[in-house]
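Asker: Below is coords_21.txt; it holds compact mmCIF, C-alpha atoms and all ligand atoms.
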# COMPACT_ATOMS: atom_id res chain seq x y z
CA MET A 17 76.96 -61.29 -93.57
CA ALA A 18 73.68 -59.49 -94.27
CA ILE A 19 71.72 -62.62 -93.18
CA GLN A 20 73.77 -62.85 -89.97
CA ARG A 21 73.03 -59.19 -89.27
CA MET A 22 69.28 -59.73 -89.79
CA GLN A 23 69.36 -62.80 -87.50
CA PHE A 24 71.13 -60.73 -84.86
CA LEU A 25 68.56 -57.94 -85.20
CA SER A 26 65.56 -60.26 -84.87
CA LEU A 27 67.20 -62.01 -81.90
CA SER A 28 67.82 -58.71 -80.16
CA LEU A 29 64.23 -57.64 -80.90
CA LEU A 30 62.92 -60.84 -79.29
CA LEU A 31 65.19 -60.41 -76.27
CA ASN A 32 64.10 -56.79 -75.97
CA LEU A 33 60.49 -57.84 -75.94
CA LEU A 34 61.07 -60.55 -73.37
CA TYR A 35 63.33 -58.66 -70.97
CA SER A 36 62.68 -54.97 -71.34
CA SER A 37 58.87 -55.03 -71.44
CA ASN A 38 57.02 -55.19 -68.12
CA PRO A 39 56.37 -58.91 -67.54
CA LEU A 40 53.11 -58.13 -65.72
CA SER A 41 51.67 -56.06 -68.57
CA LEU A 42 52.81 -58.72 -71.03
CA PHE A 43 50.94 -61.32 -68.94
CA LEU A 44 47.89 -59.09 -68.58
CA SER A 45 47.70 -58.36 -72.29
CA MET A 46 47.88 -62.09 -72.99
CA ALA A 47 45.27 -62.89 -70.30
CA ALA A 48 42.87 -59.96 -71.05
CA PRO A 49 39.61 -61.25 -72.54
CA GLN A 50 38.84 -60.02 -76.04
CA LYS A 51 36.13 -57.32 -75.97
CA ASP A 52 32.96 -58.54 -77.61
CA VAL A 53 32.26 -55.92 -80.28
CA PHE A 54 29.17 -56.66 -82.36
CA LYS A 55 26.89 -54.68 -84.64
CA LEU A 56 23.72 -53.48 -82.94
CA GLY A 57 20.71 -52.22 -84.91
CA PHE A 58 17.57 -50.44 -83.73
CA VAL A 59 14.34 -50.75 -85.65
CA GLY A 60 12.50 -47.81 -84.09
CA ALA A 61 14.83 -44.97 -83.11
CA GLY A 62 12.54 -43.66 -80.36
CA ASN A 63 12.91 -42.87 -76.67
CA LEU A 64 14.05 -46.25 -75.44
CA ALA A 65 16.45 -46.78 -78.34
CA GLU A 66 17.93 -43.39 -77.44
CA SER A 67 18.31 -44.31 -73.73
CA ILE A 68 19.97 -47.63 -74.60
CA THR A 69 22.31 -45.96 -77.09
CA ARG A 70 23.33 -43.29 -74.57
CA GLY A 71 23.95 -45.93 -71.87
CA VAL A 72 25.80 -48.34 -74.16
CA VAL A 73 28.08 -45.64 -75.54
CA ARG A 74 28.66 -43.95 -72.15
CA SER A 75 29.61 -47.23 -70.48
CA ALA A 76 31.71 -48.30 -73.50
CA VAL A 77 29.79 -51.56 -73.94
CA LEU A 78 30.01 -50.81 -77.66
CA PRO A 79 31.56 -48.01 -79.69
CA ALA A 80 28.89 -45.74 -81.23
CA ALA A 81 30.10 -46.74 -84.70
CA SER A 82 28.82 -50.30 -83.99
CA ILE A 83 25.26 -48.99 -83.64
CA ARG A 84 23.01 -48.41 -86.64
CA THR A 85 19.46 -47.24 -87.11
CA THR A 86 17.13 -45.37 -89.41
CA HIS A 87 14.20 -43.00 -88.97
CA HIS A 88 11.72 -41.20 -91.18
CA ARG A 89 12.33 -37.93 -89.27
CA ALA A 90 15.49 -35.86 -89.76
CA ASP A 91 15.66 -34.79 -86.09
CA ARG A 92 15.88 -38.43 -84.94
CA ARG A 93 18.48 -39.24 -87.60
CA SER A 94 20.57 -36.22 -86.54
CA LEU A 95 20.34 -37.16 -82.88
CA PHE A 96 21.62 -40.71 -83.44
CA ALA A 97 24.26 -39.42 -85.88
CA SER A 98 25.43 -36.98 -83.18
CA PHE A 99 26.21 -39.98 -80.92
CA GLY A 100 28.38 -41.38 -83.73
CA CYS A 101 25.89 -44.07 -84.86
CA ARG A 102 25.55 -45.10 -88.52
CA ILE A 103 22.35 -43.90 -90.13
CA LEU A 104 20.95 -46.13 -92.87
CA GLU A 105 18.10 -45.69 -95.32
CA THR A 106 15.72 -48.53 -94.41
CA ASN A 107 14.85 -50.97 -91.62
CA ALA A 108 15.93 -53.80 -93.93
CA GLN A 109 19.43 -52.32 -94.23
CA VAL A 110 19.59 -52.00 -90.44
CA VAL A 111 18.76 -55.69 -90.05
CA GLU A 112 21.14 -56.77 -92.81
CA ASP A 113 24.00 -54.82 -91.24
CA SER A 114 23.46 -55.96 -87.61
CA ASP A 115 24.27 -58.98 -85.45
CA VAL A 116 21.74 -57.98 -82.78
CA VAL A 117 18.51 -56.22 -83.81
CA ILE A 118 16.46 -54.45 -81.15
CA ILE A 119 12.82 -54.10 -82.14
CA SER A 120 11.95 -50.83 -80.44
CA VAL A 121 8.79 -49.70 -82.23
CA LYS A 122 5.41 -49.39 -80.47
CA PRO A 123 3.75 -52.75 -79.76
CA GLN A 124 0.90 -52.17 -82.22
CA ILE A 125 3.23 -52.07 -85.22
CA VAL A 126 5.59 -54.91 -84.24
CA ARG A 127 3.65 -57.41 -86.35
CA GLN A 128 3.84 -55.27 -89.49
CA VAL A 129 7.53 -54.49 -89.00
CA LEU A 130 8.56 -58.10 -88.29
CA THR A 131 6.54 -59.43 -91.22
CA GLU A 132 8.20 -56.94 -93.57
CA LEU A 133 11.66 -57.76 -92.23
CA LYS A 134 11.19 -61.54 -92.15
CA PRO A 135 13.38 -62.23 -95.23
CA PHE A 136 16.30 -60.34 -93.67
CA PHE A 137 16.44 -62.21 -90.35
CA THR A 138 19.11 -64.77 -91.17
CA LYS A 139 20.16 -67.45 -88.65
CA ASP A 140 23.19 -65.49 -87.49
CA LYS A 141 21.08 -62.63 -86.11
CA LEU A 142 19.57 -62.22 -82.67
CA ILE A 143 16.18 -60.49 -82.42
CA VAL A 144 15.63 -58.57 -79.19
CA SER A 145 12.11 -57.31 -78.61
CA ILE A 146 11.34 -54.69 -75.99
CA ALA A 147 7.73 -54.22 -77.11
CA ALA A 148 5.49 -54.37 -74.04
CA GLY A 149 2.98 -57.23 -74.08
CA ILE A 150 4.26 -58.93 -77.26
CA LYS A 151 4.96 -62.60 -76.59
CA MET A 152 7.89 -64.61 -77.94
CA LYS A 153 5.49 -66.95 -79.72
CA ASP A 154 4.16 -64.01 -81.78
CA ILE A 155 7.66 -62.68 -82.46
CA LYS A 156 8.62 -66.16 -83.67
CA ASP A 157 5.52 -66.45 -85.89
CA TRP A 158 5.98 -63.00 -87.44
CA SER A 159 9.77 -63.12 -87.89
CA GLY A 160 10.06 -66.82 -88.68
CA LYS A 161 12.94 -67.08 -86.18
CA SER A 162 13.36 -68.46 -82.68
CA ARG A 163 16.67 -66.81 -81.87
CA ILE A 164 14.83 -64.24 -79.78
CA ILE A 165 15.23 -62.50 -76.46
CA ARG A 166 12.31 -60.59 -75.01
CA VAL A 167 13.12 -57.75 -72.60
CA MET A 168 10.84 -55.73 -70.37
CA PRO A 169 12.68 -52.54 -69.31
CA ASN A 170 11.02 -49.54 -67.63
CA THR A 171 11.04 -45.77 -68.08
CA PRO A 172 13.85 -44.94 -65.60
CA SER A 173 16.08 -46.26 -68.41
CA ALA A 174 16.16 -42.57 -69.41
CA VAL A 175 18.31 -41.85 -66.31
CA GLY A 176 20.27 -45.12 -66.30
CA LEU A 177 18.17 -46.68 -63.51
CA ALA A 178 15.99 -49.13 -65.40
CA ALA A 179 14.75 -52.41 -63.96
CA SER A 180 14.89 -54.81 -66.94
CA VAL A 181 13.91 -58.47 -67.08
CA PHE A 182 14.54 -60.78 -70.03
CA CYS A 183 13.51 -64.24 -71.16
CA THR A 184 15.12 -66.30 -73.87
CA GLY A 185 13.78 -68.01 -76.99
CA GLU A 186 14.54 -71.63 -77.93
CA THR A 187 17.65 -71.06 -80.03
CA ALA A 188 19.15 -68.01 -78.35
CA THR A 189 22.65 -68.79 -77.08
CA LYS A 190 24.56 -68.11 -73.85
CA LYS A 191 26.49 -65.45 -75.77
CA ASP A 192 23.19 -63.82 -76.83
CA GLU A 193 22.18 -63.69 -73.16
CA GLU A 194 25.51 -62.15 -72.21
CA ARG A 195 25.15 -59.51 -74.90
CA VAL A 196 21.64 -58.59 -73.78
CA SER A 197 22.77 -58.48 -70.13
CA LYS A 198 25.55 -56.06 -71.10
CA LEU A 199 23.31 -53.87 -73.27
CA PHE A 200 20.57 -53.52 -70.67
CA GLY A 201 23.10 -53.44 -67.82
CA ALA A 202 24.22 -50.15 -69.39
CA ILE A 203 20.83 -48.58 -68.50
CA GLY A 204 20.23 -50.13 -65.08
CA LYS A 205 19.80 -53.54 -63.43
CA VAL A 206 18.92 -56.75 -65.24
CA TRP A 207 17.15 -59.95 -64.18
CA THR A 208 16.01 -63.05 -66.04
CA ALA A 209 12.61 -64.71 -65.58
CA ASP A 210 10.36 -67.16 -67.32
CA GLU A 211 8.03 -65.50 -69.83
CA LYS A 212 4.97 -66.57 -67.82
CA TYR A 213 5.90 -63.87 -65.27
CA PHE A 214 6.01 -61.02 -67.78
CA ASP A 215 2.49 -59.78 -67.06
CA ALA A 216 3.36 -59.53 -63.36
CA ILE A 217 6.67 -57.83 -64.22
CA THR A 218 4.72 -55.28 -66.28
CA GLY A 219 2.35 -54.77 -63.32
CA LEU A 220 5.25 -54.22 -60.92
CA SER A 221 8.31 -52.64 -62.57
CA GLY A 222 6.59 -51.54 -65.82
CA SER A 223 3.80 -49.60 -64.13
CA GLY A 224 5.60 -49.13 -60.79
CA PRO A 225 7.29 -45.81 -61.58
CA ALA A 226 3.83 -44.22 -61.94
CA TYR A 227 2.75 -45.50 -58.50
CA ILE A 228 5.87 -43.95 -57.01
CA TYR A 229 5.32 -40.65 -58.86
CA LEU A 230 1.95 -40.54 -57.14
CA ALA A 231 3.58 -41.28 -53.80
CA ILE A 232 6.18 -38.52 -54.32
CA GLU A 233 3.48 -36.04 -55.28
CA ALA A 234 1.40 -36.99 -52.25
CA LEU A 235 4.37 -36.74 -49.87
CA ALA A 236 5.10 -33.29 -51.27
CA ASP A 237 1.44 -32.29 -50.80
CA GLY A 238 1.74 -33.44 -47.20
CA GLY A 239 4.83 -31.26 -46.78
CA VAL A 240 2.98 -28.27 -48.24
CA ALA A 241 -0.01 -28.97 -45.97
CA ALA A 242 2.43 -28.96 -43.05
CA GLY A 243 3.81 -25.53 -44.10
CA LEU A 244 6.78 -26.25 -46.43
CA THR A 245 7.28 -24.51 -49.75
CA ARG A 246 6.36 -26.58 -52.82
CA ASP A 247 9.96 -26.69 -54.06
CA LEU A 248 11.41 -27.82 -50.78
CA ALA A 249 8.61 -30.36 -50.25
CA LEU A 250 9.06 -31.90 -53.73
CA GLY A 251 12.84 -32.04 -53.40
CA LEU A 252 12.62 -33.69 -49.98
CA ALA A 253 9.97 -36.15 -51.14
CA SER A 254 11.86 -37.38 -54.23
CA GLN A 255 15.23 -37.53 -52.44
CA THR A 256 13.60 -39.48 -49.60
CA VAL A 257 12.23 -42.08 -52.04
CA LEU A 258 15.63 -42.30 -53.78
CA GLY A 259 17.42 -42.68 -50.44
CA ALA A 260 15.00 -45.30 -49.13
CA ALA A 261 15.37 -47.36 -52.34
CA ALA A 262 19.17 -47.11 -52.08
CA MET A 263 19.01 -48.27 -48.43
CA VAL A 264 17.10 -51.40 -49.50
CA ASN A 265 19.42 -52.04 -52.46
CA GLN A 266 22.71 -51.30 -50.76
CA THR A 267 22.25 -52.65 -47.21
CA GLY A 268 20.50 -55.83 -48.37
CA LYS A 269 18.24 -55.45 -45.30
CA HIS A 270 14.57 -56.36 -45.54
CA PRO A 271 12.43 -53.19 -45.83
CA GLY A 272 10.49 -54.30 -42.74
CA GLN A 273 13.73 -54.31 -40.72
CA LEU A 274 14.70 -50.87 -42.03
CA LYS A 275 11.23 -49.61 -41.06
CA ASP A 276 11.58 -51.09 -37.54
CA GLU A 277 14.96 -49.39 -37.18
CA VAL A 278 13.43 -45.93 -37.69
CA THR A 279 10.26 -46.32 -35.63
CA SER A 280 10.89 -45.43 -32.00
CA PRO A 281 8.21 -46.17 -29.38
CA ALA A 282 5.44 -43.55 -29.44
CA GLY A 283 7.55 -41.58 -31.92
CA THR A 284 6.71 -39.56 -35.01
CA THR A 285 7.29 -42.25 -37.65
CA ILE A 286 4.99 -44.83 -36.07
CA ALA A 287 2.31 -42.12 -35.83
CA GLY A 288 2.64 -41.60 -39.61
CA ILE A 289 2.66 -45.34 -40.34
CA ARG A 290 -0.53 -45.76 -38.31
CA GLU A 291 -2.25 -43.31 -40.64
CA LEU A 292 -0.90 -45.13 -43.72
CA GLU A 293 -2.27 -48.42 -42.40
CA LYS A 294 -5.68 -46.78 -41.77
CA GLY A 295 -5.66 -45.72 -45.43
CA ALA A 296 -4.70 -49.26 -46.51
CA PHE A 297 -1.41 -47.99 -48.01
CA ARG A 298 0.18 -51.41 -48.36
CA ALA A 299 -3.01 -53.13 -49.53
CA SER A 300 -3.45 -50.37 -52.13
CA LEU A 301 0.03 -51.02 -53.57
CA ILE A 302 -0.49 -54.78 -53.55
CA ASN A 303 -3.83 -54.37 -55.31
CA ALA A 304 -2.34 -51.92 -57.82
CA VAL A 305 0.28 -54.47 -58.91
CA VAL A 306 -2.30 -57.25 -59.17
CA ALA A 307 -4.78 -55.04 -61.09
CA ALA A 308 -2.07 -53.93 -63.56
CA THR A 309 -0.97 -57.56 -64.00
CA ASP A 310 -4.57 -58.62 -64.74
CA ARG A 311 -5.00 -55.75 -67.20
CA CYS A 312 -1.76 -56.64 -68.96
CA ARG A 313 -2.91 -60.29 -69.27
CA GLU A 314 -6.28 -59.09 -70.64
CA LEU A 315 -4.60 -56.78 -73.21
CA SER A 316 -2.15 -59.41 -74.43
CA GLN A 317 -5.04 -61.85 -74.98
CA SER A 318 -7.18 -59.40 -76.92
N1 LIG B 1 10.08 -46.13 -73.02
C1 LIG B 1 10.24 -47.09 -72.10
O1 LIG B 1 10.81 -46.87 -71.03
C2 LIG B 1 9.73 -48.48 -72.38
C3 LIG B 1 9.65 -49.40 -71.32
C4 LIG B 1 9.25 -50.71 -71.61
C5 LIG B 1 8.96 -51.09 -72.90
N2 LIG B 1 9.03 -50.16 -73.89
C6 LIG B 1 8.70 -50.58 -75.25
O2 LIG B 1 9.69 -50.08 -76.11
C7 LIG B 1 9.12 -49.80 -77.40
C8 LIG B 1 9.52 -48.40 -77.79
O3 LIG B 1 9.04 -47.50 -76.82
P1 LIG B 1 9.45 -45.97 -76.87
O4 LIG B 1 8.97 -45.36 -75.62
O5 LIG B 1 10.88 -45.84 -77.25
O6 LIG B 1 8.52 -45.50 -78.10
P2 LIG B 1 8.78 -44.36 -79.16
O7 LIG B 1 9.57 -43.27 -78.57
O8 LIG B 1 7.45 -44.05 -79.80
O9 LIG B 1 9.71 -45.08 -80.25
C9 LIG B 1 9.26 -45.77 -81.36
C10 LIG B 1 9.90 -45.13 -82.58
O10 LIG B 1 9.65 -45.93 -83.74
C11 LIG B 1 9.38 -45.06 -84.85
N3 LIG B 1 8.65 -45.82 -85.86
C12 LIG B 1 7.31 -45.83 -86.13
N4 LIG B 1 7.04 -46.66 -87.17
C13 LIG B 1 8.23 -47.20 -87.55
C14 LIG B 1 8.62 -48.12 -88.55
N5 LIG B 1 7.72 -48.70 -89.36
N6 LIG B 1 9.93 -48.41 -88.67
C15 LIG B 1 10.86 -47.85 -87.87
N7 LIG B 1 10.55 -46.97 -86.90
C16 LIG B 1 9.26 -46.64 -86.74
C17 LIG B 1 8.57 -43.97 -84.21
O11 LIG B 1 8.55 -42.82 -85.03
P3 LIG B 1 7.25 -41.83 -84.96
O12 LIG B 1 6.92 -41.63 -83.53
O13 LIG B 1 7.70 -40.61 -85.66
O14 LIG B 1 6.17 -42.58 -85.69
C18 LIG B 1 9.33 -43.74 -82.91
O15 LIG B 1 10.40 -42.85 -83.08
C19 LIG B 1 7.63 -49.99 -77.26
O16 LIG B 1 7.25 -51.20 -77.86
C20 LIG B 1 7.39 -50.04 -75.76
O17 LIG B 1 6.34 -50.92 -75.43
C21 LIG B 1 9.40 -48.87 -73.67
So, in terms of structure tokens, how does the structure I just supplied come out?
Answerer:
Amino acid sequence: MAIQRMQFLSLSLLLNLLYSSNPLSLFLSMAAPQKDVFKLGFVGAGNLAESITRGVVRSAVLPAASIRTTHHRADRRSLFASFGCRILETNAQVVEDSDVVIISVKPQIVRQVLTELKPFFTKDKLIVSIAAGIKMKDIKDWSGKSRIIRVMPNTPSAVGLAASVFCTGETATKKDEERVSKLFGAIGKVWTADEKYFDAITGLSGSGPAYIYLAIEALADGGVAAGLTRDLALGLASQTVLGAAAMVNQTGKHPGQLKDEVTSPAGTTIAGIRELEKGAFRASLINAVVAATDRCRELSQS
């Protein structure tokens, strides 16, 4: 009798589940992809590690509890702890307790850090280096591993608008690439490129924000020269650059076409452009990117 009652109860439970639950949500929960939660470690809890952590946590790519780091300064430890990250004692513990390790120390100490951590980089771990100018071959030599992804982000990562490019080492997997795309997608846009282009990427998107800061400052100076207050001029200049970049990104139109659309015959804009051409504005920007690329190549060979 008791067994019959239990059978009846389990049958009614099954029927309840099948008929009373929303069939669509049942289907969705069965079809929903499992979220990829992995343990992320930062060796070097500096500015970029902070920007990535903020972006990753804000966009729910990973829960803060999946992120671990360490730092010799209490203020940095407290900051990362305030996000909900785990704070460990040593870099070695961070590596041991992570699936993906971001090497986010300054380029000049990457060699020392990787050499020290070499015994802890087991096969199951992905090394992600963001150190500017440090090649995958060196990372491989110093860490003894080829499961590497090298990323070149830029400083607008601090406001979630980074331009990041990555290249992949010999044994990095598709899943590794997906993880890196998600992590860096949380602080801006992400591209992939062969490592041979990394000097040019540094010359363009790495150094580029500084060229544009100069342009914003100069536009504001022009506004002041034409009688505007400094505050208004600076606000208009930076918002104009932001708006123009968004027009290129969001309309998909070539910048030349957008320029043609706002230059009426004998109008004000073409008068301004004529002056820019006299001052070799475009040639200056082209040369700036090439000079920074050459300098980056020089530095990475020295
Ligand atoms: N910031 C960007 O937007 C950007 C863009 C592209 C590439 N990168 C690259 O990203 C890396 C980090 O840049 P960042 O701007 O974040 O630099 P950062 O703020 O100086 O961060 C590096 C952090 O590492 C700490 N550190 C020093 N020695 C260490 C060690 N042995 N073990 C663990 N941590 C140590 C530093 O502490 P102390 O300062 O107290 O010594 C500092 O907090 C660099 O390699 C840079 O080339 C940054």
Asker: Hey, could you make a per-residue contact list for chain A against ligand LIG 1 (chain B) with 6 Å as the cut-off, showing the nearest pair of atoms and its distance in Å to one decimal, counting all atoms listed in the file, sorted by chain and number, as a Markdown table?
Answerer:
| residue | atom | partner | partner_atom | distance |
| --- | --- | --- | --- | --- |
| A:Val59 | CA | B:LIG1 | C15 | 5.0 |
| A:Gly60 | CA | B:LIG1 | O10 | 3.4 |
| A:Ala61 | CA | B:LIG1 | O15 | 4.9 |
| A:Gly62 | CA | B:LIG1 | O9 | 3.2 |
| A:Asn63 | CA | B:LIG1 | O5 | 3.6 |
| A:Leu64 | CA | B:LIG1 | O5 | 3.7 |
| A:Ala65 | CA | B:LIG1 | O5 | 5.8 |
| A:His87 | CA | B:LIG1 | N7 | 5.8 |
| A:Ser120 | CA | B:LIG1 | C7 | 4.3 |
| A:Val121 | CA | B:LIG1 | C9 | 4.1 |
| A:Lys122 | CA | B:LIG1 | O16 | 3.7 |
| A:Pro123 | CA | B:LIG1 | O16 | 4.3 |
| A:Val129 | CA | B:LIG1 | N5 | 5.8 |
| A:Ile146 | CA | B:LIG1 | O2 | 4.9 |
| A:Ala147 | CA | B:LIG1 | O16 | 3.1 |
| A:Ala148 | CA | B:LIG1 | O17 | 3.8 |
| A:Met168 | CA | B:LIG1 | C4 | 5.4 |
| A:Pro169 | CA | B:LIG1 | C4 | 4.5 |
| A:Asn170 | CA | B:LIG1 | C3 | 3.9 |
| A:Thr171 | CA | B:LIG1 | O1 | 3.2 |
| A:Ser173 | CA | B:LIG1 | O1 | 5.9 |
Asker: Restricting the calculation to all atoms listed in the file: of A:Val126, A:Val111, A:Ala90, A:Ile203, which residue gets closest to Val73 in chain A?
Answerer: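 With all atoms listed in the file as the atom set, the closest residue is A:Ile203.
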Asker: Which residues, written as an MDAnalysis selection string, have at least one atom at most 6 Å from Phe58 in chain A, with all atoms listed in the file counted and residues fewer than 3 positions away on the same chain left out?
Answerer: chainID A and resid 85 117:118
Asker: How many Å lie between CA of Gly222 in chain A and CA of Thr309 in chain A, rounded to one decimal?
Answerer: 9.8 Å
Asker: Just how far from CA of Arg313 in chain A is CA of Gly149 in chain A, in Å to one decimal?
Answerer: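 Between these atoms lies a distance of 8.2 Å.
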